[in-house]
Structures are given as C-alpha cells and as structure tokens.
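J.: Got a structure here, written out as structure tokens. Questions coming.
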Amino acid sequence: MVPNPTTGWERLQDVFYRKRAEYSMMWVDDIDLSEFIVVGAPYGGAIALVRDTSRPMAYRGPEGRQKMILIYSNSGQLILNIPWDKGSIRGVGWSEQEQLIIVVEDGTVRVYNDFQGGFSQFSLGKEAEDHTVSECRFWGTGFVAKLGNGRFISVTKLDEPRPRMLAELNPAAVELHGWTIMSPSQTLSRHIEVLVGVNSTISMIDSIESQDRFLQEGPFSHIAVSPNGALLALYTTYGKLYVISADFQKKYSEYDAGTLDSPTQVMWCANDCAAVAWESEIRLVGPGGGSLSFYYESRIALIGEPDGIRIVSNEKCEFLTRVADIVVDMFRIGSTAPSAILLDAVEQLEFKSPKADDNIQLIRPNLTEAVDACVKAASYEPEPYWQKRLLKAALLGKSVLELYSSDEFVEMCEILRVLNAVRYYEVGILISYEEFIRLTPERLIDRLLSRQKFLLALRLSGYLGLATDKIYVRWACNKIKSSSGDDDNAICKTIVNRLKPIASISYDEIARTAYDEGRTNLATLLLNYEPQAGRQVPLLLDMEEDEIALVKAVESGDPDLIYYVLLHLKGKYSLAQFFRLVNDKPVASAVVEQLARNDGPELLKDFYYQDDRRADSALVIYRESLLLDDIQDREDKIKLGMKIFQDGKDAYPEAKAMEEHAKLYDLQVTYEKDYKQTFIGLTVAETIKKLLKIGQSSKASKMKSEFKVPDKMYVFLKDGTFPVAKKS
Amino acid sequence: MSGLLPTTINPKALKSDALASFVTLLESVRGKKSLILDRTLSAPLSHIARFSVLQEHGVDNIFWLDDGPQKDSSQRNIVYLIRGDIKNAQTASAQIKKLLQTSDIEFDFNVILYPRKMLSIEKVFEEEGVLGDVTISEWDLGFIPLEEDLLSIELPEAGYKDMYLYGLPTTISFSAIALNALQKQYGIYPRIIGKGTQAKKLCEQLVRMRAEYQSSSDTAASEWTKGETSAFDQLVIIERATDMVTPLMTQLTYEGLIDEVFDIKNSQTEVPSTLFTAANPKLPANGAASTISTTPIATEQRKTRKVVLDGSDPLYASLRDLNFAVVGTTLNKFARKLNEDYEERHQAKTVSQIKDFVSKLGGLQAEHQSLKLHTNLAEEIMNRTQTEFFNRALEVQQNLVASGLDTSTLNLTIEELIVRGIPLEAALRLLAIECLTSGGIKERELANFKRLLYAQYGYEHIITLNALTKLDLIFQRGSKTSANATTLQFSNLRKNMRLIVDDVNEQTPDDVAYVYSGYAPLSIRLVQYVIQKRALGTKISTLGGSGWRGAEDILRNVPGDVFDQTQKPDEKSIKTKVLQAARKDVKRTVAVFFLGGITFTEIAALRFIAAQESERRRILILTTGIIDGKDVIKAAMDMTPSGVSTMSVE
C-alpha cells in the first residue's frame, strides 16, 4: 500500500514541512558518520566522506588509513575511494559540475574532475602557504579560503583559477567568529562577498574593501545566507537565532534556542526557514519564532539544496522540504480546492460513479487551473503512484476542456520518467523537479556519464532529444582507460565500429585520452578519424607531429590556430628550420611574414632570404635605408639592397630605379656643397626646377639626360607650360 | 527552443545586445577601472557605447594601447580591450610585465579579446610569463549596425590589405565568425551564392562551421535556433577582387563625393569650420567623438570640425544616395518646403494652432541647421569638383571604362596630369583603372610612367608600385597569361553585363548606373545577376535560370571562383514546420556581403535595387568595412615611409 502523500507532514506555524526517507543507506563496510566530514554535491549529487582527523576513531587495522576520502551515492553505494597522502585537509566542497574540491593546509587545491580519480591541482599562493589555510566555503563555481592570519582568498573559476586576496579587515579585528560567503549570484555587486563575525558585529569583505555592518547582538558563531540571497540567519554564541535582511536593514525574527551547545550546522531550508542542527537534532525555526524538531540516534549531516535540505545519517538519506501550497491544497483533508475535487473525480470514475461528472461540473469554471495544478503537483511527488494519479486527474480534466495546450503535460510526463530513472537507488541521484530545471538536462546527463551509466545516459538523451555524441565519446574514452592490455588496432576498430553510425563525431578527445594513457600509436590511429582539421592540432603538437599540425591548422583556415602552431614551432626550431617548414605553404608563409613584420626588419630579411624572395628582400633593405638620417648611410644601404638584386639571374627594373636614387643623393650632396642650398629630399623634378631657378641650367639639362627625364616634363619645369601634343 | 525566429533583422537589437555583453564584461571587474583601448576598436566601440555609458560602469579613464596604462593615473583595475592580434598581445603583455616588475601596487589585469578568445594570444601571454596574472575574456561583437540596412565588421582597411597585400587568412575568418553569428540568430542562409576565390573559401568555412556546430553537443550547439524558418532568403557574397574598377572610380553620389573630398570615417567627417560660420553645427552625437579622445580637446580654434553623417538626419538620408548633379535642386526644393513650414506661423490664429506650430519648431530648427550645413557642404564640394585636375581625371576614368579604345591619347593626358603635379593617389588610380580595363599597360609605356612617377613624386615609391603590382592593380600587359582565366576581361563585360548605360537619367534614375553617371558598377551587376536579372537587359533576363546558371561564359571574364551552395535546415525540429507554413507570406531578406570592403556608391546602388525590389524582399547590406579608391591606393602607399621626399611647391 502506497502511503498517503500527507504522511509525514509536520506543521510549523501555518506551513507544512515534509521529511521523506528516500534511501536506506547501503554502506558495505561499517561506516560511522561521526568519524567523517560529510559534504554533498548540489542538486542531489554524490556525497563525499572525508575522515575527520580531529575526532577520535576506532582502530580498524592498517587498512583504516586507506579510507581518507570516500565518494558515495545518496543510497550509500561506494563510487570512489581516493587514497590520500597530501597532508591535512582544511576544505572539502563540490562544484556545480560535481567536481570534488579538496583544499590542503598548505594551500594546495585539488579538483577531482571525474569519479575515476583524475584531478587537476593548483596552489593558492605564497600567502596561503605561509599562514596556512584554516577553513573554506564553497559555491557553485568557486570558493573562499580563510587563512591563519584572518585574510581571505577567493577563487572564482575552477577551470582557470586565479587566487585573489580579498580586502583586509578594517579595522583589524580582535576576534573572528563564524563566517560565510555570499556567492556572486546572491550579491548585488555580482561579485563574491564574505560575511565574517567580528567581535559582536559582522563585517562584509570583498575584493576592494571591508565594511562594518554595525550590529551589537553578536558574537555570531554561525552565519547562513538564504539561497536567493535575500535573508541572513545569524546564530550567536549564546544560543540566539536572528533572521535579518541581507542588506542588514531589517530584523525579521529572533529565536532563543534554549541551549548553549554550539550547533554543528546552521543553514536555510530553501528560502522558507532557518535550520539549526546539533549532533542528533535538526530544528527548523519559522519566521514567527515557532520551531519544529526532528531527532536522530546518531550523528547527522545536512546538505543544503535550493529547495530543501538533504539529511544523511548512518541509516538513511532523507529530504526535508516545505510542502508546496499547491500540494497542500490538493491533499489537505477536506480540501475543496478545484484540484482536489478533480483528483477525487478520477477516483469516482474508477468506481464508475456518476459523481465523477458532478465533480467536473462543480469545478467547471476553474477547470484549467485545476488541470495546471495537478500537473504541477505531480512534479513534487516522489512516488510514481501519486504522480500517475495526479497526471490521470489532469488528463481527465483536459479531456473536458476544449482548448488546452498539452505541451506542459507532455513535458511533465517526460521529465518525471527521467527523474524516476535517476532517483532509482542504483543510480542514487536524489534530484527534485525544481533542481532538475536548475541543473538542466544536459548536466544531468553529464552526471550519469561520470558515474559511467552510459546506457542510461543514452536512453535518457534519446528521450529528451539531446545530442548523444558526447556519450559515445565518453564511452570510448572509458573503453581506452579500461583496456590497457588490448591491442591498439583492435581497440581502434571496436571504437570506430561503434561510433561509425553517429554523424560527424569528434575523435580528438578520444585520441587525447589514448595519448594521456601513454598509447601514442593508438592516439595516432584514432586522430585520423577526426573530421575537423582544427581539433587535431593541439594534440598533434603534443605528439610532436609538428608538420602535420601545421598542415591541419592551415586546412582549418583559422588564423588563431595557424598563429598558435607557428608560435609554438618558432620557439622550438632554429630559424632556418622554421622557415623551411613553412616555405611550401602559402598561408602559413603569409602568417610567418606577418610575424616577422611585427618583429622588425631583421627577421623579415632572414625570412625573404630563406624563401629566395630577392625583390622583397631588397625592398626591405631599401625601406630601411629611407628611415636612416645620415645620407651616406642611406646610400650605402641602398647599394646593399641593389646588390641583392644583382646576385639574382633576372633583371629587376627596381634595381635600376634604386641605383638612380642613390645617384640622386650623390648629386644632391654635391649641389648642397656647391650652392649652399637644401637639395636633399627633393625629387628629380624639383631638383631640376631648383637648379633652373638658381641659374644652373647646364646642371639641370645634365640631370635631364642622366635621369632620362621626358622632354615634356623638362619643358614644363622650365617654362611652367605644358607643350601641346602635335597631331600626328 | 520554440523555433520561432524573428523574421527581420533588427539592427537596434544587435546594438543593444552588443552593448549588454560589453557592460557585462566591464562589470565583471569590480570597481573603478582604466580601459586600455586598441585604436582600431575605437570606431566599433563608439558605435556601441557612449563614453557616459562606459563611465557608468566604472571606466575612469581610457588610454590607447600604444601608450599603455599610465602609472600615476591608472586605476588598480586595468582592462584591455584589444583585437585578437599577435602584435597587440605582445604590446599588452610587455606593458603588464613592466607594471608588475616596477610597481608595488597590486594591479588586477583583465584582457578582453575581440572578437573571441584565442589560443595564440594566450600563447603570447604565456611566453611573456604573464598568463597567470591576467584574466582573459572575449567580446564576440560581430556585425556593427551602421544603418538600418547596413552592417559592418569594421575591420581595419576593411580587411582589404590583410587579405590581398599580406595574404592573411584573418579577413575571411572574422567574416565567417560574424556571418555565422548572424546565421545563428536569424536562421540559416538557405543558399550561399557568390563570386571570388576568397569568397568561396569564406563560403566553405561558413558551411563547415555550421556542420561543426551541428555535430557537437557543446553548449554552443544549443545556441542555434533550430527552426526551419529563416529570416534569410539567401546570402550573396561578392569579393572585392572581382571588381576593383568600381572602387577606383571617383564616386559621384553626394555621400560618395563627401567621402572622396573629406573622407567619411566611422559615419563622421571632418569639414572646414568655415562651413559653419552661420549654421549651428550638428555636433557629434553626445560623446561619439569624445568617446575616444584621450586627451581633452584643446580649446584652440580648430580648423576642422566633425560632423555626424547618418540616416538619423532625414535631409541627409534623402540626399546621400543621389547623384551629385541633382543635389542642388533637391536642396532647393527642401528649402522651399521648409520656408513654407515656417510661413505657417502666419496662418496660426488660435492658441492651439500656435501651440501646434511651436511644438514643431524644434524639428524645423534642426532641419534648418541641417539644410544650412548641407548647402554649404554641397557648395564646397562643387568648388572642389570644378578644378581642372578633378575634371580631367574624371574624364579619363569615364573614357577608360566606356570605350577602352585609344589608350594612347588617354595616356598622354595622364602623363600631363602627372607632370602638372596631380596628387600621386589620383594618378595611381588612373593607371590602375587603365590596367584593369585594358588588361595592363604596355611594357614601354609602363616603364615611362614609372620614370615619370619617380621623378615627380620620389624614388621611394618604388615600394608603392611594387605593392600595387602585388595587389594586381598596376601591371604590364601580358605579364599575366591570357590563358589564365582569373584576370578581368573588361572589354567582354561592357556589353554582356550592360556596364555602360548611355542615356542615364540622373534626376529620376532607372538604373544603378546613375551612381557613376553612366557606369554601372560590375560588382552591383553581379548582385543583380543573382537577384534581379531583368535589370541586365533582355539577353540575360531571358536566360531564366536561377543563380549563376547560364552565365558561365560571361562570368569567365570576371576573376575568381563561382559558387552556389544550398544549406538544408535542421531536421531535428518538426514542430516548426507548421509555423513555417504560416509564415510563407513574410518577406525574406537577401543578405549581400561585400568581402574586402564596399563603397558608398555601391551602397547607394544596392539601396536603389532594394527600393525596386521592396515588394518582394528586403536587402541587407553587409561588409567588412567601407572603402574608396583612396583607401585602396593608400594600402599600397602606406608601405612606403612618408616624408622621404618633399613635394613642396614654392
């Protein structure tokens, strides 16, 4: 018999809360949560158990040391055991992408990207090393570490970590108490902020400044921000809980816990009420000061979710959440809400009672809302039995309505099937409808992939109409990792055969995995199947297949990749080798020419010389000469340029012109000496004109013949009139 | 998700999206910041954001990238906005390195790359050892709306120089990114058709990009609007190299002439302040000009003033695309109408009538100012176009395109103009037009011209001429084998493409040839070939085929490859089919993309076609930038160091 949905409803003031046991824990080896720090990934993700070294624990033989970091599903199935030897752990957290983040005392941060032990590592820097990390707080994409000296360091992006010191506390604090962070999505500034209890007040710190919020009620041992960032719950060392607005302008409630025991956790249950947890008790504190307690036999751990709290104990995993109004209306005893009547109608219909129609007629004016409410309420129900009943009621109501868009109904049916599948204990993802919407279907599939549930991921993707290529890629990568003994060709064949039917799948990641596993040959085999030239490039470079990488980069037509490869190769080869590599590739050659142009004339000359481009080479030198100040230097350099022409077999008209230019400078130097006038810098025409003007017509006519100045031009220079062309 | 796409391209939305994404980037840096700006991005940025907007989002001061952050006046937060170019990255990383070494302030460095993050740039930062000290993000600004019907990527030199002189792949790549972004937002181009070797590469890249997005399940894939409907009918890509004659010709529309005489950059021009003696000038829209000026404008009397020229001024909008010959009469008509409007005040008897008039007064005054400005401007242009150089050069140009016969006589004229000292750029334009229309200049004559050019303008222009040869603008006859089909056979096109229209009507034009008073731009004829065959005469309009079909023989005379590619919509979404049926009556857009730059006259001609076609479709003009003959020649002249020879005429 399926229990009535109202089972387990508890009232807090005028609101109902419901705590449901979702899983009985299946810990295989006697896990005692009191020996661990328990941290869960958001949106019903995996749970990390990290040995709490500050607590005494039972000696279980030498293998006990092996169990430092354990990752479990919500149903208590071991996903991964991470051996640990790095030193004292000061921070454990999860990212939105379900990466486990471990922060070590000395500031080392490890990010475990998958559930196979693969990780990346970075350091928080010298300051963290010197003062050691004492505590950390995490949010979806980053975290803040508190150092021994009371300073804070934030990391906002885990994939591109840039540890940044936050502002110094002002004035320097005597005594720091509890602290927390407001994630960028919770603050007005859209940047990370830290709230820290200082003496009896609270200070806000961000990257620029710290501000005292001027409270007197402290010292505050715990600070909790509501998921929407609007409210703060402050717990004092003397057992009082205050709820205030996040801008510190308004106090909403005050509650005396009646105990001086320090709570283990203070957090929000969605945006509805504050929750305080001690070793074996959870107390919800409502806005009006009312409270609701749940008691346990052993230590519990709370995991905050956007719509409730996950509670993990030795025995079970539970979910505590406020009962949505729509659900209350539906199931409250004696409810006369249209939705409740519609639900009743289904039951009547099953009894073949005419009351079914009476019910429908009764709520006729509100039927659309009733149908909507049934669909919506189904999303809150964990039991497929009740989901079905509610959807059936919606279906009945819908059939009576003339115009009703079924899109939402259909979508809800689809999503509920997906949710039920992933909530199944073997998968153990405890995700609610609301969390699913926030997480997005794509990321849910990612989570299945990291749990290596490839078939389920494939089915659900097909069901939700998502792309499946990523699943195949991950499967292939997994295949490579798990078949280290097999023959390269055999694996390649297996993978290619399996992936062949999927249109234009990308092989670069698969090849990269093979390469990272040390199987270069396999990587090469696989990379040949990659359809996009550009994607092959980075791996080819790592594999030192430089020339192929360059060819592929050019093929992709992407200047970024071409530049990237060339910059890479430029540092690796000698200049001559480098130029030779690009010689026969026009686009690459053009890009190298551009690099050389940026670099200066020397490299450009080398490049042209190597490429046997005489004219270009000579013109670079010629151009250089024009920029010289000293006229003799100019002439020398021009002659140098000419020489390059002359070394070649072909005749270059430019060489002749350059020679004339040098000659012009020669003459101008002489004229300047002879006539004490400026000549250098004048063109041939102007030089002649000037000579004529100062009465040196013989010199002018000599120039005319030497520089083969056309008659017409000479006449014009002399007389200022242009000779009329004779009719021929 | 629903597959519902906007049916028309909305430039305003593009602009506000671009602004929003830039503001997000600025806001990602907390507090006040100094912005270090790549000079080539100042124009695009000023189209998107006014300085006041930047200030609102914490920009305290702006420096040019060449100058770098100034130690004493910079904020702790430094934001670089640079084009993704190796040289820029080298400059920026050197500056960052220096600041890190010499200053004990804890700077926060951010680099915003335009138009996207690049591996190569990160590599440069890595090599300089500053990669760990900077936060790199991207501003994926694609097309910048210049007008309602005109979007531009605003590449430096319209991407012309990079593509043709340097042979770099960047122009095509940036174009592909921008065109792809548009395609993502408004639906695929069902057909991509075009002409030009580089254009074909661009087309291939576009098709490949879409295929890559389709196959990958990255988040990027979901950005694609999966609808079957598209706002686009087709994309026509015309590459600049297919028609270099047109940009070298002197533009004869009003806007074209303003560009020829005063230069229009970034929808602004600088004109002598004497033109404003009476009129109250229309100053650059709030901060458009002052956005980027890093040094406060000196109070000294400047000799030139900036004027904004865009479609927001109704008078300019009606004048800009007219042939200059009729601008005078149009101004006259406008003046008369304005006068009548003013006269209305005498008829205003009742209080409400007077009130009515007063409310219109502001508009009238603005019109009045605009009228004064344009009257003065037109007069000034008239003065400049009545010079001997201008007229004789124009005559040579017209003769070269019209007949091409008897180049020897025309050569004599060109010679004379050179000897008389016509500006070098004008002389080179004439020589280039001759080469393009007559298949080169004879060896002896070319040698002669070079001799004259060196003697008159200085030997350093050896470099200029070398560059022009590389650009295929000035070359010796026969230096390209006639078997090579990629050279322009202009003489074969005159008739076939109806390039010369003898009886062009400038008053009420009936053909695009009015923009050059008789010469119809080849580039535009190519566009018409695709979308408006009937304009090309009976011979072609009776061919009846779609796209290029039937034109193979004619197109062989135009350089560059021909392509015609269809793109199929995604099969994934079937739901939208219903929607598509409902939208059949919607007018779709033909996007015309000019790869390597477009001239104002070509824009005018396309608008002329758009007006004729308005019943059937919309035309959206896309380009890498706006250029004219000066810009083309300047691309080559810039290779030569300036100031080597003085052309002083005493």
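Identifiers in this document derive from the order of the structure tokens: chains are assigned A, B, ..., residues are numbered from 1 separately in each chain, and ligands are numbered from 1 in order of occurrence.
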Looking only at the backbone, which of the residues in range 221-427 of chain B does DSSP tag as strand (DSSP E or B), as a list in words?
T.: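 Written out, the strand (DSSP E or B) residues of range 221-427 of chain B are Phe232, Asp233, Gln234, Leu235, Val236, Ile237, Ile238, Glu239, Thr253, Ile264, Lys265, Gln268, Thr269, Glu270, Val271, Pro272, Thr304, Arg305, Lys306, Val307, Val308 and Asn323 of chain B.
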J.: Got time to write the residues from that selection, N, CA, C and O atoms, as a short mmCIF file (atom, residue, chain, number, x, y, z; two decimals), in the first residue's frame?
T.:
data_model
loop_
_atom_site.label_atom_id
_atom_site.label_comp_id
_atom_site.auth_asym_id
_atom_site.auth_seq_id
_atom_site.Cartn_x
_atom_site.Cartn_y
_atom_site.Cartn_z
N PHE B 232 16.34 34.75 -43.60
CA PHE B 232 17.10 34.97 -44.82
C PHE B 232 16.55 34.17 -45.99
O PHE B 232 16.09 33.05 -45.85
N ASP B 233 16.67 34.79 -47.15
CA ASP B 233 16.33 34.13 -48.38
C ASP B 233 17.61 33.54 -48.96
O ASP B 233 17.68 32.38 -49.33
N GLN B 234 18.63 34.36 -49.00
CA GLN B 234 19.94 33.88 -49.42
C GLN B 234 21.03 34.88 -49.02
O GLN B 234 20.74 35.99 -48.61
N LEU B 235 22.26 34.39 -49.12
CA LEU B 235 23.41 35.24 -48.85
C LEU B 235 24.21 35.34 -50.14
O LEU B 235 24.58 34.32 -50.73
N VAL B 236 24.43 36.56 -50.60
CA VAL B 236 25.22 36.77 -51.80
C VAL B 236 26.57 37.34 -51.37
O VAL B 236 26.61 38.37 -50.70
N ILE B 237 27.63 36.64 -51.70
CA ILE B 237 28.96 37.13 -51.31
C ILE B 237 29.70 37.62 -52.55
O ILE B 237 29.89 36.87 -53.51
N ILE B 238 30.05 38.88 -52.54
CA ILE B 238 30.83 39.45 -53.64
C ILE B 238 32.17 39.85 -53.07
O ILE B 238 32.25 40.61 -52.10
N GLU B 239 33.21 39.33 -53.68
CA GLU B 239 34.54 39.64 -53.19
C GLU B 239 35.07 40.87 -53.90
O GLU B 239 34.86 41.04 -55.11
N THR B 253 27.96 60.04 -56.22
CA THR B 253 26.79 60.36 -55.39
C THR B 253 27.21 61.39 -54.35
O THR B 253 28.40 61.63 -54.15
N ILE B 264 34.95 60.01 -45.13
CA ILE B 264 34.00 59.67 -44.07
C ILE B 264 34.56 58.48 -43.33
O ILE B 264 34.84 57.45 -43.92
N LYS B 265 34.77 58.67 -42.05
CA LYS B 265 35.26 57.56 -41.24
C LYS B 265 34.30 57.39 -40.09
O LYS B 265 34.01 58.34 -39.37
N GLN B 268 31.43 59.69 -39.69
CA GLN B 268 31.74 61.08 -39.38
C GLN B 268 32.70 61.62 -40.42
O GLN B 268 33.47 60.88 -41.00
N THR B 269 32.61 62.91 -40.61
CA THR B 269 33.59 63.52 -41.50
C THR B 269 34.10 64.80 -40.87
O THR B 269 33.46 65.39 -40.00
N GLU B 270 35.28 65.21 -41.30
CA GLU B 270 35.81 66.47 -40.80
C GLU B 270 35.75 67.48 -41.91
O GLU B 270 36.29 67.25 -43.00
N VAL B 271 35.09 68.57 -41.67
CA VAL B 271 34.98 69.60 -42.71
C VAL B 271 35.54 70.92 -42.17
O VAL B 271 35.62 71.11 -40.96
N PRO B 272 35.95 71.80 -43.07
CA PRO B 272 36.49 73.08 -42.61
C PRO B 272 35.45 73.81 -41.75
O PRO B 272 34.27 73.82 -42.09
N THR B 304 39.16 72.37 -38.45
CA THR B 304 38.13 71.48 -38.98
C THR B 304 37.18 71.09 -37.86
O THR B 304 37.50 71.22 -36.68
N ARG B 305 36.00 70.67 -38.27
CA ARG B 305 35.03 70.22 -37.28
C ARG B 305 34.46 68.90 -37.71
O ARG B 305 34.36 68.61 -38.90
N LYS B 306 34.06 68.13 -36.72
CA LYS B 306 33.49 66.82 -37.02
C LYS B 306 31.98 66.93 -37.21
O LYS B 306 31.31 67.63 -36.48
N VAL B 307 31.49 66.25 -38.21
CA VAL B 307 30.06 66.23 -38.47
C VAL B 307 29.62 64.77 -38.53
O VAL B 307 30.29 63.95 -39.15
N VAL B 308 28.53 64.48 -37.88
CA VAL B 308 27.99 63.12 -37.98
C VAL B 308 27.11 63.03 -39.21
O VAL B 308 26.25 63.88 -39.44
N ASN B 323 22.67 61.28 -57.19
CA ASN B 323 23.80 61.74 -57.99
C ASN B 323 24.01 63.21 -57.65
O ASN B 323 23.05 63.97 -57.49
#
J.: Can you pull out the residues contacting Ser645 in chain B? Cut-off 6 Å, using only C-alpha atoms, and skip same-chain residues under 5 positions away; I want them as a PyMOL selection string.
T.: (chain A and resi 681-682) or (chain B and resi 458)
J.: Show me, as a tab-separated table, the residues of chain B having an atom within 8 Å of chain A, each with the closest atom pair and its distance in Å, using only C-alpha atoms.
T.:
residue	atom	partner	partner_atom	distance
B:Ser28	CA	A:His191	CA	7.6
B:Arg30	CA	A:His191	CA	7.2
B:Gly31	CA	A:Ile208	CA	7.5
B:Ile86	CA	A:Leu595	CA	7.7
B:Lys87	CA	A:Asn598	CA	6.2
B:Met118	CA	A:Asp560	CA	5.9
B:Leu119	CA	A:Tyr564	CA	6.1
B:Ser120	CA	A:Tyr564	CA	4.1
B:Ile121	CA	A:Tyr564	CA	7.8
B:Lys123	CA	A:Tyr564	CA	6.9
B:Val124	CA	A:Leu567	CA	7.9
B:Gly132	CA	A:Arg162	CA	7.3
B:Asp133	CA	A:Arg162	CA	7.8
B:Thr135	CA	A:Arg162	CA	7.9
B:Tyr166	CA	A:Ala590	CA	6.3
B:Gly167	CA	A:Ala590	CA	5.7
B:Leu168	CA	A:Ala590	CA	5.8
B:Pro169	CA	A:Pro559	CA	5.8
B:Thr170	CA	A:Pro559	CA	5.7
B:Ser173	CA	A:Asp558	CA	6.2
B:Gln205	CA	A:Gly557	CA	7.5
B:Glu212	CA	A:Gln532	CA	7.7
B:Ser215	CA	A:Ser504	CA	5.8
B:Ser216	CA	A:Asp469	CA	7.1
B:Ser217	CA	A:Ala467	CA	5.4
B:Glu416	CA	A:Phe722	CA	7.3
B:Val419	CA	A:Met713	CA	5.6
B:Arg420	CA	A:Phe716	CA	7.7
B:Arg451	CA	A:Val709	CA	7.6
B:Leu452	CA	A:Val709	CA	7.3
B:Tyr454	CA	A:Thr683	CA	7.6
B:Ala455	CA	A:Val684	CA	4.7
B:Gln456	CA	A:Ala685	CA	5.4
B:Tyr457	CA	A:Thr683	CA	6.3
B:Gly458	CA	A:Thr683	CA	4.9
B:Tyr459	CA	A:His661	CA	6.0
B:Glu460	CA	A:Leu626	CA	7.6
B:Ile462	CA	A:Glu654	CA	6.6
B:Ile463	CA	A:Leu619	CA	6.8
B:Thr640	CA	A:Arg623	CA	7.1
B:Pro641	CA	A:Arg623	CA	7.2
B:Val644	CA	A:Gly681	CA	6.1
B:Ser645	CA	A:Gly681	CA	4.6
B:Thr646	CA	A:Leu682	CA	5.7
B:Met647	CA	A:Leu682	CA	7.2
J.: List as a ChimeraX atom specification the protein and nucleic acid residues near Lys500 in chain A, meaning an atom at most 12 Å away when only C-alpha atoms are counted, but skip any in the same chain fewer than 4 places from it.
T.: /A:469,472-473,492-496,504-507,529-530
J.: Need the shell around Val558 in chain B: protein/DNA/RNA residues with any atom at most 10 Å away, counting only C-alpha atoms. Skip same-chain ones fewer than 3 positions apart. Format as a list in words?
T.: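 Result of the neighbour search: Lys195, Gly196, Ala241, Thr242, Asp243, Ala485, Thr486, Thr487, Leu488, Gln489, Phe490, Asn492, Leu493, Leu522, Ser523, Leu526, Asp553, Ile554, Leu555, Asp561 and Val562 of chain B.
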J.: From the set A:Ser73, A:Thr156, A:Ser450, A:Ser210, which residue has the shortest atom-to-atom contact distance to Cys477 in chain A, counting only C-alpha atoms?
T.: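 Between A:Ser73, A:Thr156, A:Ser450, A:Ser210, the residue approaching Cys477 in chain A most closely is A:Ser450.
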J.: Give me, as a PyMOL selection string, the residues of range 244-384 of chain A that a backbone DSSP run labels alpha helix (DSSP H).
T.: chain A and resi 325-331+338-350+355-363+367-380+384
J.: For Leu460 in chain A, list every protein, DNA or RNA residue within 10 Å, evaluated using only C-alpha atoms, and leave out those in the same chain fewer than 5 positions away; present the list as a PyMOL selection string.
T.: chain A and resi 414-415+417-419+421-422+441+444-445+448+454-455+465-466+468
J.: When you look at Glu350 in chain A with a cut-off of 12 Å (counting only C-alpha atoms), what residues show up, excluding the ones that are within fewer than 5 positions of it in the same chain? I need them as an MDAnalysis selection string.
T.: chainID A and resid 343:345 355:357 389 392:393 396
J.: The selected residues should be written to file as a compact mmCIF listing (two decimals), in the first residue's frame (atoms: all heavy atoms).
T.:
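This went into selection_4.txt:
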# COMPACT_ATOMS: atom_id res chain seq x y z
N LEU A 343 -9.08 15.55 -8.54
CA LEU A 343 -8.42 14.30 -8.17
C LEU A 343 -9.47 13.29 -7.67
O LEU A 343 -9.43 12.11 -7.99
CB LEU A 343 -7.37 14.57 -7.09
CG LEU A 343 -6.51 13.38 -6.68
CD1 LEU A 343 -5.66 12.91 -7.84
CD2 LEU A 343 -5.61 13.75 -5.49
N ASP A 344 -10.42 13.81 -6.92
CA ASP A 344 -11.49 12.96 -6.40
C ASP A 344 -12.32 12.39 -7.57
O ASP A 344 -12.76 11.25 -7.53
CB ASP A 344 -12.36 13.78 -5.46
CG ASP A 344 -13.42 12.92 -4.81
OD1 ASP A 344 -13.04 11.86 -4.25
OD2 ASP A 344 -14.62 13.27 -4.90
N ALA A 345 -12.48 13.21 -8.60
CA ALA A 345 -13.28 12.79 -9.75
C ALA A 345 -12.69 11.54 -10.39
O ALA A 345 -13.42 10.65 -10.83
CB ALA A 345 -13.38 13.91 -10.78
N LYS A 355 -20.82 10.54 -9.74
CA LYS A 355 -20.31 11.71 -9.02
C LYS A 355 -19.10 12.31 -9.72
O LYS A 355 -18.79 13.48 -9.54
CB LYS A 355 -19.93 11.31 -7.59
CG LYS A 355 -21.10 11.40 -6.61
CD LYS A 355 -20.64 11.24 -5.19
CE LYS A 355 -20.03 12.56 -4.67
NZ LYS A 355 -19.54 12.37 -3.29
N ALA A 356 -18.46 11.48 -10.52
CA ALA A 356 -17.30 11.99 -11.26
C ALA A 356 -17.71 13.20 -12.09
O ALA A 356 -17.07 14.25 -12.06
CB ALA A 356 -16.75 10.89 -12.17
N ASP A 357 -18.82 13.05 -12.79
CA ASP A 357 -19.27 14.16 -13.63
C ASP A 357 -19.74 15.33 -12.77
O ASP A 357 -19.47 16.49 -13.09
CB ASP A 357 -20.39 13.68 -14.56
CG ASP A 357 -20.74 14.76 -15.56
OD1 ASP A 357 -19.79 15.26 -16.22
OD2 ASP A 357 -21.92 15.14 -15.64
N ARG A 389 -1.46 9.20 -10.53
CA ARG A 389 -2.84 9.60 -10.20
C ARG A 389 -3.08 11.06 -10.55
O ARG A 389 -4.11 11.43 -11.08
CB ARG A 389 -3.12 9.35 -8.72
CG ARG A 389 -3.37 7.91 -8.39
CD ARG A 389 -4.24 7.74 -7.16
NE ARG A 389 -5.66 7.99 -7.37
CZ ARG A 389 -6.49 7.08 -7.90
NH1 ARG A 389 -6.05 5.90 -8.27
NH2 ARG A 389 -7.78 7.36 -8.04
N LYS A 392 -3.25 11.53 -14.19
CA LYS A 392 -4.52 10.98 -14.67
C LYS A 392 -5.63 12.01 -14.46
O LYS A 392 -6.47 12.23 -15.34
CB LYS A 392 -4.84 9.71 -13.89
CG LYS A 392 -5.47 8.63 -14.73
CD LYS A 392 -5.65 7.42 -13.84
CE LYS A 392 -5.72 6.15 -14.64
NZ LYS A 392 -5.73 4.98 -13.74
N ALA A 393 -5.60 12.63 -13.28
CA ALA A 393 -6.61 13.66 -12.99
C ALA A 393 -6.49 14.79 -14.01
O ALA A 393 -7.49 15.29 -14.54
CB ALA A 393 -6.42 14.18 -11.58
N LEU A 396 -7.97 13.73 -17.25
CA LEU A 396 -9.43 13.76 -17.22
C LEU A 396 -9.93 15.18 -17.42
O LEU A 396 -10.81 15.44 -18.24
CB LEU A 396 -9.93 13.19 -15.88
CG LEU A 396 -11.44 13.28 -15.65
CD1 LEU A 396 -12.19 12.40 -16.65
CD2 LEU A 396 -11.80 12.85 -14.22
J.: For Ile433 in chain B, work out the shell of residues within 10 Å, counting only C-alpha atoms and skipping chain neighbours fewer than 2 positions away, then give it as number ranges by chain.
T.: B: 244-249, 396-398, 400-401, 428-431, 435-440, 473-474
J.: To one decimal in Å, tell me the separation between CA of Val130 in chain B and CA of Gln75 in chain B.
T.: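 Between CA of Val130 in chain B and CA of Gln75 in chain B the gap works out to 18.9 Å.
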J.: Measuring between only C-alpha atoms, which one of B:Asp472, B:Asp341, B:Asp149, B:Glu434 shows the shortest distance to Ile619 in chain B?
T.: B:Asp149
J.: Which of these, B:Ile48, B:Leu179, B:Ile603, B:Val504, has the shortest distance to Leu202 in chain B once you count only C-alpha atoms?
T.: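 Using only C-alpha atoms, the shortest distance to Leu202 in chain B belongs to B:Leu179.
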